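This is model_14.cif. It holds mmCIF, C-alpha atoms and all ligand atoms.
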```
data_my_file
#
loop_
_atom_site.label_atom_id
_atom_site.label_comp_id
_atom_site.auth_asym_id
_atom_site.auth_seq_id
_atom_site.Cartn_x
_atom_site.Cartn_y
_atom_site.Cartn_z
CA MET A 18 5.83 -18.19 -19.59
CA ILE A 19 7.92 -15.88 -21.83
CA ASP A 20 6.52 -14.31 -24.99
CA GLU A 21 9.20 -12.85 -27.28
CA ARG A 22 6.83 -11.24 -29.79
CA ILE A 23 5.43 -8.34 -27.78
CA ASP A 24 6.15 -4.62 -27.96
CA ARG A 25 8.09 -4.37 -24.69
CA GLU A 26 7.78 -0.64 -24.07
CA HIS A 27 4.13 -0.08 -24.89
CA SER A 28 1.25 -1.65 -23.07
CA CYS A 29 -2.36 -1.01 -22.19
CA ILE A 30 -2.92 -3.03 -19.04
CA LEU A 31 -6.25 -3.63 -17.35
CA ALA A 32 -5.56 -4.41 -13.70
CA ILE A 33 -7.81 -5.84 -11.01
CA GLU A 34 -7.24 -5.38 -7.27
CA THR A 35 -9.44 -7.20 -4.73
CA SER A 36 -6.99 -8.15 -1.96
CA CYS A 37 -8.95 -6.54 0.87
CA ASP A 38 -11.97 -4.22 1.00
CA GLU A 39 -11.65 -2.24 -2.23
CA THR A 40 -12.90 -3.61 -5.55
CA SER A 41 -10.78 -1.70 -8.02
CA VAL A 42 -10.08 -1.89 -11.74
CA ALA A 43 -7.88 0.46 -13.75
CA VAL A 44 -6.58 0.81 -17.27
CA VAL A 45 -3.02 2.13 -17.47
CA ARG A 46 -0.91 2.84 -20.55
CA ASP A 47 2.85 2.11 -20.58
CA GLY A 48 2.96 1.62 -16.80
CA TYR A 49 2.36 5.23 -15.82
CA GLU A 50 -0.48 6.90 -17.76
CA VAL A 51 -3.74 6.23 -15.93
CA LEU A 52 -6.60 6.10 -18.46
CA SER A 53 -9.18 5.10 -15.84
CA SER A 54 -9.22 4.12 -12.19
CA VAL A 55 -12.43 2.88 -10.61
CA ILE A 56 -12.37 2.17 -6.88
CA ALA A 57 -15.46 0.81 -5.13
CA SER A 58 -14.83 0.93 -1.40
CA GLN A 59 -16.63 -1.43 0.96
CA ILE A 60 -15.83 0.71 3.99
CA GLU A 61 -19.48 1.55 4.74
CA THR A 62 -20.33 -2.17 4.87
CA HIS A 63 -17.45 -3.13 7.17
CA LYS A 64 -17.85 -0.10 9.46
CA ALA A 65 -20.75 -1.79 11.27
CA PHE A 66 -18.38 -4.63 12.28
CA GLY A 67 -15.47 -2.37 13.32
CA GLY A 68 -13.14 -3.97 10.75
CA VAL A 69 -13.01 -5.99 7.54
CA VAL A 70 -15.05 -9.24 7.64
CA PRO A 71 -13.37 -11.53 5.07
CA GLU A 72 -16.52 -13.42 3.97
CA VAL A 73 -18.45 -10.20 3.51
CA ALA A 74 -15.55 -8.72 1.53
CA SER A 75 -15.51 -11.68 -0.88
CA ARG A 76 -19.26 -11.49 -1.43
CA LYS A 77 -19.11 -7.76 -2.12
CA HIS A 78 -16.28 -8.25 -4.64
CA VAL A 79 -18.38 -10.89 -6.45
CA GLU A 80 -21.35 -8.52 -6.62
CA SER A 81 -19.47 -5.65 -8.18
CA ILE A 82 -16.44 -6.94 -10.12
CA THR A 83 -18.09 -7.32 -13.55
CA MET A 84 -19.62 -3.86 -13.40
CA ILE A 85 -16.37 -2.27 -12.26
CA ILE A 86 -14.45 -3.91 -15.12
CA GLU A 87 -16.96 -2.57 -17.65
CA GLN A 88 -16.89 0.88 -16.08
CA ALA A 89 -13.06 1.01 -16.14
CA VAL A 90 -12.96 0.08 -19.84
CA GLU A 91 -15.65 2.62 -20.70
CA GLU A 92 -14.02 5.45 -18.72
CA ALA A 93 -10.67 4.68 -20.35
CA GLY A 94 -12.29 5.30 -23.74
CA ILE A 95 -10.98 2.02 -25.11
CA GLU A 96 -12.48 -1.25 -26.28
CA MET A 97 -11.74 -4.64 -24.75
CA LYS A 98 -9.67 -5.56 -27.82
CA ASP A 99 -7.26 -2.67 -27.09
CA ILE A 100 -6.14 -4.27 -23.82
CA SER A 101 -2.67 -5.80 -24.14
CA ALA A 102 -2.70 -7.78 -20.86
CA VAL A 103 -4.85 -8.44 -17.83
CA ALA A 104 -3.10 -7.97 -14.48
CA VAL A 105 -4.39 -8.98 -11.07
CA THR A 106 -3.25 -8.94 -7.45
CA GLN A 107 -2.14 -12.53 -6.79
CA GLY A 108 -1.24 -11.83 -3.13
CA PRO A 109 -0.74 -11.10 -0.35
CA GLY A 110 -4.24 -10.44 0.98
CA LEU A 111 -7.43 -12.17 2.13
CA VAL A 112 -7.65 -15.45 0.25
CA GLY A 113 -11.38 -15.31 -0.56
CA ALA A 114 -11.13 -11.70 -1.68
CA LEU A 115 -8.05 -12.40 -3.85
CA LEU A 116 -9.80 -15.37 -5.47
CA VAL A 117 -12.59 -13.19 -6.83
CA GLY A 118 -10.13 -10.93 -8.65
CA VAL A 119 -7.99 -13.84 -9.82
CA MET A 120 -11.00 -15.70 -11.28
CA ALA A 121 -12.25 -12.56 -13.01
CA ALA A 122 -8.79 -11.84 -14.45
CA LYS A 123 -8.27 -15.38 -15.69
CA SER A 124 -11.68 -15.45 -17.37
CA LEU A 125 -11.09 -12.10 -19.04
CA ALA A 126 -7.57 -12.97 -20.20
CA PHE A 127 -8.81 -16.30 -21.58
CA ALA A 128 -11.82 -14.77 -23.33
CA LEU A 129 -9.72 -11.99 -24.91
CA GLY A 130 -6.78 -14.26 -25.70
CA LYS A 131 -4.43 -11.86 -23.87
CA PRO A 132 -1.64 -12.60 -21.38
CA LEU A 133 -2.30 -12.75 -17.63
CA ILE A 134 0.07 -11.03 -15.19
CA GLY A 135 -0.19 -12.11 -11.54
CA THR A 136 1.09 -9.17 -9.51
CA HIS A 137 2.36 -8.61 -5.97
CA HIS A 138 0.26 -6.18 -3.93
CA ILE A 139 3.24 -4.47 -2.28
CA ALA A 140 5.11 -4.16 -5.59
CA GLY A 141 1.95 -2.35 -6.68
CA HIS A 142 2.06 0.05 -3.72
CA ILE A 143 5.74 0.78 -4.43
CA TYR A 144 5.25 1.32 -8.18
CA ALA A 145 2.32 3.72 -7.54
CA ASN A 146 5.23 6.16 -7.44
CA ARG A 147 5.53 5.77 -11.23
CA PHE A 148 2.53 8.10 -11.43
CA VAL A 149 4.75 10.82 -9.96
CA GLY A 150 7.92 10.34 -12.01
CA ASP A 151 10.75 8.04 -13.02
CA ILE A 152 12.19 5.75 -10.38
CA GLN A 153 15.96 5.80 -10.05
CA TYR A 154 17.95 2.91 -8.68
CA PRO A 155 19.05 2.03 -6.11
CA SER A 156 15.81 3.16 -4.51
CA MET A 157 14.47 2.72 -0.98
CA ALA A 158 10.74 2.22 -0.36
CA LEU A 159 9.00 2.84 2.94
CA VAL A 160 5.85 0.71 2.74
CA VAL A 161 3.23 1.66 5.32
CA SER A 162 -0.16 0.02 4.98
CA GLY A 163 -2.86 -1.78 6.95
CA GLY A 164 -1.04 -5.11 6.67
CA HIS A 165 2.60 -4.12 6.06
CA THR A 166 5.36 -1.91 7.44
CA GLU A 167 8.54 -2.49 5.51
CA LEU A 168 11.72 -0.91 4.23
CA VAL A 169 12.44 -2.34 0.79
CA LEU A 170 15.72 -1.83 -1.05
CA MET A 171 15.45 -1.95 -4.84
CA LYS A 172 18.92 -2.22 -6.36
CA GLU A 173 17.45 -2.28 -9.85
CA GLU A 174 14.06 -2.21 -11.49
CA GLY A 175 11.89 -5.08 -10.27
CA SER A 176 14.30 -6.35 -7.60
CA PHE A 177 13.16 -6.23 -3.98
CA GLU A 178 15.16 -6.79 -0.79
CA LEU A 179 13.41 -6.49 2.55
CA ILE A 180 15.79 -4.78 4.95
CA GLY A 181 13.24 -4.12 7.71
CA ARG A 182 9.74 -5.15 8.67
CA THR A 183 7.37 -4.93 11.59
CA ARG A 184 7.79 -7.56 14.28
CA ASP A 185 4.16 -7.24 15.38
CA ASP A 186 1.45 -4.81 14.25
CA ALA A 187 1.56 -3.06 10.90
CA VAL A 188 1.43 0.70 11.27
CA GLY A 189 -2.05 1.01 9.70
CA GLU A 190 -3.29 -1.74 11.98
CA ALA A 191 -1.93 0.19 15.00
CA TYR A 192 -3.66 3.35 13.74
CA ASP A 193 -6.97 1.49 13.38
CA LYS A 194 -6.73 -0.10 16.85
CA VAL A 195 -5.79 3.18 18.53
CA ALA A 196 -8.59 4.93 16.66
CA ARG A 197 -11.05 2.35 17.93
CA ALA A 198 -9.91 2.91 21.53
CA LEU A 199 -10.43 6.64 20.99
CA GLY A 200 -13.96 6.04 19.70
CA PHE A 201 -13.50 6.48 15.94
CA PRO A 202 -15.11 4.25 13.31
CA TYR A 203 -13.18 1.90 10.97
CA PRO A 204 -10.81 2.68 9.29
CA GLY A 205 -9.58 5.01 11.97
CA GLY A 206 -6.23 6.11 10.48
CA PRO A 207 -7.58 9.26 8.79
CA HIS A 208 -9.48 10.27 11.98
CA VAL A 209 -6.36 9.97 14.15
CA ASP A 210 -4.42 11.95 11.53
CA ARG A 211 -6.99 14.77 11.57
CA MET A 212 -7.20 14.85 15.40
CA ALA A 213 -3.40 14.83 15.71
CA LEU A 214 -3.03 17.82 13.40
CA GLU A 215 -5.74 19.79 15.22
CA ALA A 216 -4.50 19.01 18.75
CA PRO A 217 -3.05 21.99 20.65
CA GLU A 218 -1.02 19.68 22.93
CA SER A 219 0.44 16.23 23.01
CA ILE A 220 0.89 13.35 25.46
CA GLU A 221 4.43 11.96 25.52
CA LEU A 222 4.43 8.32 24.44
CA PRO A 223 7.36 5.88 23.97
CA ARG A 224 9.39 5.50 20.77
CA VAL A 225 10.29 1.91 19.96
CA TRP A 226 13.69 1.80 18.22
CA LEU A 227 14.63 -1.89 18.83
CA GLU A 228 18.37 -2.68 18.47
CA PRO A 229 20.45 0.36 17.39
CA ASP A 230 21.24 -1.01 13.91
CA SER A 231 17.84 -2.60 13.24
CA TYR A 232 15.52 -1.48 10.47
CA ASP A 233 12.65 -3.48 11.96
CA PHE A 234 9.64 -1.84 13.53
CA SER A 235 7.36 -2.60 16.48
CA PHE A 236 4.11 -0.82 17.20
CA SER A 237 2.27 -3.08 19.61
CA GLY A 238 3.99 -1.59 22.69
CA LEU A 239 3.01 1.90 21.60
CA LYS A 240 -0.56 0.73 21.00
CA SER A 241 -0.64 -0.78 24.53
CA ALA A 242 0.72 2.48 25.97
CA VAL A 243 -2.20 4.33 24.34
CA LEU A 244 -4.72 1.82 25.69
CA ASN A 245 -3.20 2.25 29.20
CA VAL A 246 -3.60 6.02 29.09
CA VAL A 247 -7.21 5.66 27.90
CA ASN A 248 -8.09 3.07 30.57
CA GLN A 249 -6.43 5.01 33.39
CA SER A 250 -8.38 8.15 32.51
CA LYS A 251 -11.63 6.18 32.44
CA MET A 252 -10.88 4.51 35.80
CA ARG A 253 -10.22 7.88 37.40
CA GLY A 254 -13.47 9.20 35.94
CA GLU A 255 -11.53 11.83 33.94
CA ASP A 256 -12.20 12.87 30.35
CA VAL A 257 -10.05 10.96 27.84
CA ARG A 258 -7.76 13.51 26.17
CA ILE A 259 -8.49 12.18 22.69
CA GLU A 260 -6.74 14.94 20.72
CA ALA A 261 -3.57 14.93 22.85
CA ILE A 262 -3.36 11.12 22.71
CA ALA A 263 -3.86 11.10 18.92
CA ARG A 264 -1.09 13.67 18.54
CA GLY A 265 1.27 11.83 20.92
CA PHE A 266 0.67 8.57 19.05
CA GLN A 267 1.21 10.12 15.63
CA GLU A 268 4.37 11.92 16.77
CA SER A 269 5.85 8.66 18.01
CA VAL A 270 4.98 6.72 14.84
CA VAL A 271 6.18 9.45 12.50
CA GLU A 272 9.48 10.02 14.31
CA VAL A 273 10.42 6.33 14.17
CA LEU A 274 9.37 5.90 10.52
CA VAL A 275 11.21 9.04 9.38
CA GLU A 276 14.43 8.24 11.29
CA LYS A 277 14.69 4.66 10.10
CA ALA A 278 13.82 5.49 6.49
CA VAL A 279 16.38 8.31 6.30
CA ARG A 280 19.08 6.14 7.90
CA ALA A 281 18.34 3.34 5.41
CA VAL A 282 18.55 5.72 2.42
CA LYS A 283 21.96 6.94 3.59
CA GLU A 284 23.40 3.54 4.47
CA TYR A 285 22.39 1.93 1.17
CA GLY A 286 23.15 4.97 -0.98
CA ALA A 287 19.62 5.12 -2.38
CA LYS A 288 18.93 7.85 -4.92
CA GLN A 289 15.31 8.21 -3.84
CA LEU A 290 12.95 7.46 -1.00
CA LEU A 291 9.56 6.15 -2.15
CA LEU A 292 6.74 6.43 0.37
CA CYS A 293 3.74 4.19 -0.27
CA GLY A 294 0.79 2.26 1.16
CA GLY A 295 -2.44 3.44 2.79
CA VAL A 296 -0.66 5.24 5.64
CA ALA A 297 1.27 7.29 3.03
CA ALA A 298 -1.99 9.29 2.94
CA ASN A 299 -1.17 10.45 6.49
CA ARG A 300 -0.62 14.19 6.38
CA GLY A 301 1.61 14.23 9.47
CA LEU A 302 3.93 11.61 7.93
CA ARG A 303 3.95 13.25 4.50
CA SER A 304 4.92 16.65 5.86
CA ALA A 305 7.52 15.37 8.37
CA LEU A 306 9.16 13.21 5.70
CA THR A 307 9.06 16.02 3.13
CA GLU A 308 10.73 18.45 5.55
CA ARG A 309 13.38 15.97 6.68
CA CYS A 310 14.23 14.83 3.15
CA ARG A 311 14.57 18.45 2.05
CA ALA A 312 16.99 19.10 4.91
CA GLU A 313 19.00 15.96 4.10
CA GLY A 314 19.00 16.48 0.31
CA ILE A 315 17.07 13.23 -0.29
CA GLN A 316 14.71 13.00 -3.26
CA LEU A 317 11.32 11.91 -1.91
CA MET A 318 8.43 10.56 -3.96
CA ILE A 319 4.90 10.21 -2.60
CA PRO A 320 1.97 8.98 -4.72
CA PRO A 321 -1.13 11.19 -5.04
CA PHE A 322 -3.69 10.45 -2.27
CA GLN A 323 -5.97 8.28 -4.45
CA TYR A 324 -3.06 5.93 -5.29
CA CYS A 325 -1.86 5.49 -1.68
CA THR A 326 -4.73 3.28 -0.51
CA ASP A 327 -5.54 0.10 -2.47
CA ASN A 328 -6.23 0.64 -6.19
CA GLY A 329 -5.96 -1.21 -9.49
CA ALA A 330 -3.78 1.43 -11.15
CA MET A 331 -0.80 0.61 -8.93
CA ILE A 332 -1.18 -3.08 -9.88
CA ALA A 333 -0.99 -2.12 -13.56
CA ALA A 334 2.14 -0.05 -12.87
CA ALA A 335 3.91 -3.05 -11.29
CA ALA A 336 2.57 -5.48 -13.92
CA HIS A 337 4.20 -3.33 -16.62
CA LEU A 338 7.60 -4.53 -15.30
CA LYS A 339 6.64 -8.11 -16.16
CA TRP A 340 5.19 -6.95 -19.48
CA LYS A 341 8.55 -5.41 -20.41
CA GLN A 342 10.17 -8.77 -19.76
CA GLY A 343 7.49 -10.70 -21.62
CA SER A 344 7.06 -12.68 -18.42
CA PHE A 345 3.47 -13.83 -18.12
CA THR A 346 1.52 -15.98 -15.68
CA PRO A 347 -0.04 -19.34 -16.61
CA LEU A 348 -3.83 -19.52 -16.42
CA ASP A 349 -3.65 -22.16 -13.69
CA MET A 350 -2.05 -19.63 -11.32
CA LYS A 351 -3.36 -19.65 -7.75
CA ALA A 352 -4.08 -16.74 -5.43
CA ASP A 353 -1.40 -16.73 -2.72
CA PRO A 354 -2.34 -14.96 0.53
CA GLN A 355 1.32 -15.08 1.71
CA LEU A 356 3.10 -14.35 -1.59
CA PRO A 357 6.66 -13.19 -0.70
CA LEU A 358 7.78 -9.96 -2.39
CA GLU A 359 11.29 -11.23 -3.12
CA ASP A 360 9.83 -14.22 -4.99
CA TRP A 361 7.76 -12.00 -7.25
CA ALA A 362 10.87 -10.07 -8.32
CA THR A 363 11.35 -9.71 -12.04
CA PHE A 364 15.10 -10.31 -11.64
O1 LIG B 1 -2.81 0.13 1.68
P1 LIG B 1 -4.16 0.05 2.29
O2 LIG B 1 -5.31 0.69 1.56
O3 LIG B 1 -4.57 -1.43 2.55
C1 LIG B 1 -3.66 -2.41 2.87
O4 LIG B 1 -2.97 -2.92 1.93
O5 LIG B 1 -3.54 -2.69 4.08
O6 LIG B 1 -4.04 0.69 3.74
C2 LIG B 1 -5.13 0.83 4.60
C3 LIG B 1 -4.64 1.42 5.92
C4 LIG B 1 -5.70 1.42 7.02
O7 LIG B 1 -5.14 0.87 8.18
C5 LIG B 1 -6.00 2.91 7.20
O8 LIG B 1 -6.40 3.27 8.50
C6 LIG B 1 -4.67 3.54 6.85
O9 LIG B 1 -4.22 2.79 5.74
N1 LIG B 1 -4.79 4.96 6.51
C7 LIG B 1 -4.26 5.93 7.28
C8 LIG B 1 -4.61 7.15 6.66
N2 LIG B 1 -5.34 6.88 5.53
C9 LIG B 1 -5.45 5.51 5.46
N3 LIG B 1 -3.52 5.86 8.39
C10 LIG B 1 -3.11 7.02 8.94
N4 LIG B 1 -3.42 8.23 8.42
C11 LIG B 1 -4.16 8.35 7.29
N5 LIG B 1 -4.45 9.55 6.80
ZN ZN B 2 -2.60 -2.25 0.27
#
```

Could I get this file's structure written as structure tokens?
Ligand code: KG4
Ligand code: ZN
Amino acid sequence: MIDERIDREHSCILAIETSCDETSVAVVRDGYEVLSSVIASQIETHKAFGGVVPEVASRKHVESITMIIEQAVEEAGIEMKDISAVAVTQGPGLVGALLVGVMAAKSLAFALGKPLIGTHHIAGHIYANRFVGDIQYPSMALVVSGGHTELVLMKEEGSFELIGRTRDDAVGEAYDKVARALGFPYPGGPHVDRMALEAPESIELPRVWLEPDSYDFSFSGLKSAVLNVVNQSKMRGEDVRIEAIARGFQESVVEVLVEKAVRAVKEYGAKQLLLCGGVAANRGLRSALTERCRAEGIQLMIPPFQYCTDNGAMIAAAAHLKWKQGSFTPLDMKADPQLPLEDWATF
């Protein structure tokens, strides 16, 4: 659906994100100025189960979505009529959780008579870097989240080409599973990060490079190696060296991510490297990538911590690309748990 009558540069987008366990709504002006960002995390609820329970997530989204929308509008200091479009994560994600956001967005867009913009969750993570500065093309994104580990080449604004992806576990998933084996609650990524940085020593663990020219990743072997070390210590009646294991695991993950990302930037002549996704909050990864990019003369962008994990503001930033094109989503749009990034492209 193309609308030719809009002001392409200026927008005030209200965006809803409910793809997993955060109910989040934000109001963002012109794709980069965050007027409000409300994030209601369900972590405390899911902790008791050791991971996200999809049915519980959907119910929690239903309970809070209306309130969060109202709060985001109020904190932005605007009125509903000032909103130029309603954006929502269409996929990928948990289908029941996505549906709650999609229904809320459709109802709001319909009631206000404003366009709807179905948005890709990973495009959102990538464009969270708009809160840091302008993106220059070609750009390379290293997407590291709970469900995704990808290298994405963007030849121009809104075009996405997957040049590498994980063949098994996503990096955040590996962090959470390792954290669980080490006795940390869900989500364990931040605990492993903290332990790794405090550890005085490290256990050597394998690096999985795959074929020499591959940009794909694999983390399940590394995760199994960690579980082996933990089980062997327990069987021998020894203390599990939690800190050293956390550090060894993080060193392996970070080395592989940094090497492949830097190689991809060079091979494709990217002007920038954009780090994004929940694991972009990892301090070990942020500092190793910062140091390496400085040494290599690569311009690195990393979103502020609050825009690394799931949030509505990043969805508004990506939706602004569609706004600029006047490309809107029909109200009969369906949530798509497997939505491919390349298909969402604006070019
Ligand atoms: O992007 P995100 O909020 O949700 C998905 O789209 O998946 O990412 C959540 C993931 C979880 O696996 C969490 O453990 C991980 O990001 N994470 C971290 C850190 N902070 C969050 N992993 C490692 N170190 C961190 N500091
Ligand atoms: Zn995410």

* Asked: Residues within 6 Å of ligand ZN 2 (chain B) (only C-alpha atoms and all ligand atoms), as a ChimeraX atom specification?
  -> /A:162,294,326-327

* Asked: Restricting the calculation to all atoms listed in the file, which member of A:Val270, A:Ala196, A:Ala362, A:Val51 is positioned closest to Met171 (chain A)?
  -> A:Ala362

* Kindly work out which residues sit at most 6 Å from ligand LIG 1 (chain B), using all atoms listed in the file, and give the list as a VMD selection string. => chain A and resid 162 to 164 189 to 190 192 to 193 204 to 207 210 294 to 296 298 to 299 326 to 327

Got a sec: who's within 6 Å of region 90-107 of chain A, counting only C-alpha atoms, leaving out chain neighbours fewer than 5 positions off, as a compact mmCIF listing (two decimals) with C-alpha atoms, in the frame of the given file?
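Saved as out.txt:
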```txt
# COMPACT_ATOMS: atom_id res chain seq x y z
CA SER A 28 1.25 -1.65 -23.07
CA CYS A 29 -2.36 -1.01 -22.19
CA ILE A 30 -2.92 -3.03 -19.04
CA LEU A 31 -6.25 -3.63 -17.35
CA ALA A 32 -5.56 -4.41 -13.70
CA ILE A 33 -7.81 -5.84 -11.01
CA GLU A 34 -7.24 -5.38 -7.27
CA LEU A 52 -6.60 6.10 -18.46
CA SER A 53 -9.18 5.10 -15.84
CA ALA A 126 -7.57 -12.97 -20.20
CA LYS A 131 -4.43 -11.86 -23.87
CA PRO A 132 -1.64 -12.60 -21.38
CA LEU A 133 -2.30 -12.75 -17.63
CA ILE A 134 0.07 -11.03 -15.19
CA GLY A 135 -0.19 -12.11 -11.54
CA THR A 136 1.09 -9.17 -9.51
CA HIS A 137 2.36 -8.61 -5.97
CA HIS A 138 0.26 -6.18 -3.93
CA ALA A 352 -4.08 -16.74 -5.43
CA ASP A 353 -1.40 -16.73 -2.72
```

* Structure fact -> The distance between CA of Phe177 (chain A) and CA of Trp361 (chain A) is 8.6 Å

* **Using all atoms listed in the file: which of A:Met157, A:Ala140, A:Ala121, A:Leu306 has the shortest distance to Lys339 (chain A)** =>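 So, comparing all the options, the nearest one is A:Ala140.
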
* **Residue among A:Gly301, A:Gly329, A:Pro357, A:Pro155 lying closest to Ala57 (chain A), counting all atoms listed in the file** =>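 Smallest distance to Ala57 (chain A) is found for A:Gly329.
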
* Name all residues at most 12 Å from Val79 (chain A) (count all atoms listed in the file; drop same-chain ones fewer than 6 positions away) and give them as a count of residues only. => 17

* Grab the CA of Ala278 (chain A) to CA of Leu358 (chain A) distance for me, in Å with one decimal place. =>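 It comes out at 18.8 Å.
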
* So how many Å separate CA of Ala198 (chain A) and CA of Cys293 (chain A), to one decimal? -> 25.8 Å

* To do: May I have the residues within 8 Å of Ser235 (chain A) as a PyMOL selection string, using all atoms listed in the file and disregarding those fewer than 4 positions away in the same chain?
  => chain A and resi 183-186+225-227

Please give the centre and size of the box around region 129-140 of chain A (axis-aligned, containing every atom listed in the file, 3 Å added per side), with values in Å to one decimal and written as AutoDock Vina command-line options.
```
--center_x -2.3 --center_y -9.2 --center_z -14.0 --size_x 20.8 --size_y 16.1 --size_z 29.4
```

Pull the neighbourhood of (5.2, 7.5, 4.4) for me: all residues within 7 Å in file coordinates, counting all atoms listed in the file, as a PDB file with C-alpha atoms, in the frame of the given file.
```pdb
ATOM      1  CA  LEU A 159       9.000   2.840   2.940  1.00  0.00           C
ATOM      2  CA  VAL A 161       3.230   1.660   5.320  1.00  0.00           C
ATOM      3  CA  LEU A 292       6.740   6.430   0.370  1.00  0.00           C
ATOM      4  CA  CYS A 293       3.740   4.190  -0.270  1.00  0.00           C
ATOM      5  CA  VAL A 296      -0.660   5.240   5.640  1.00  0.00           C
ATOM      6  CA  ALA A 297       1.270   7.290   3.030  1.00  0.00           C
ATOM      7  CA  LEU A 302       3.930  11.610   7.930  1.00  0.00           C
ATOM      8  CA  ARG A 303       3.950  13.250   4.500  1.00  0.00           C
TER       9      ARG A 303
END
```

* To do: Compare A:Lys341, A:Val247, A:Ala242, A:Ser269 by their minimum atom-to-atom distance to Glu174 (chain A), counting only C-alpha atoms, and give me the closest one.
  => A:Lys341

* Asked: What would the list of residues within 8 Å of (2.1, -17.0, -14.1) (file frame) look like as number ranges by chain, if all atoms listed in the file are what count?
  -> A: 18, 133-135, 344-350
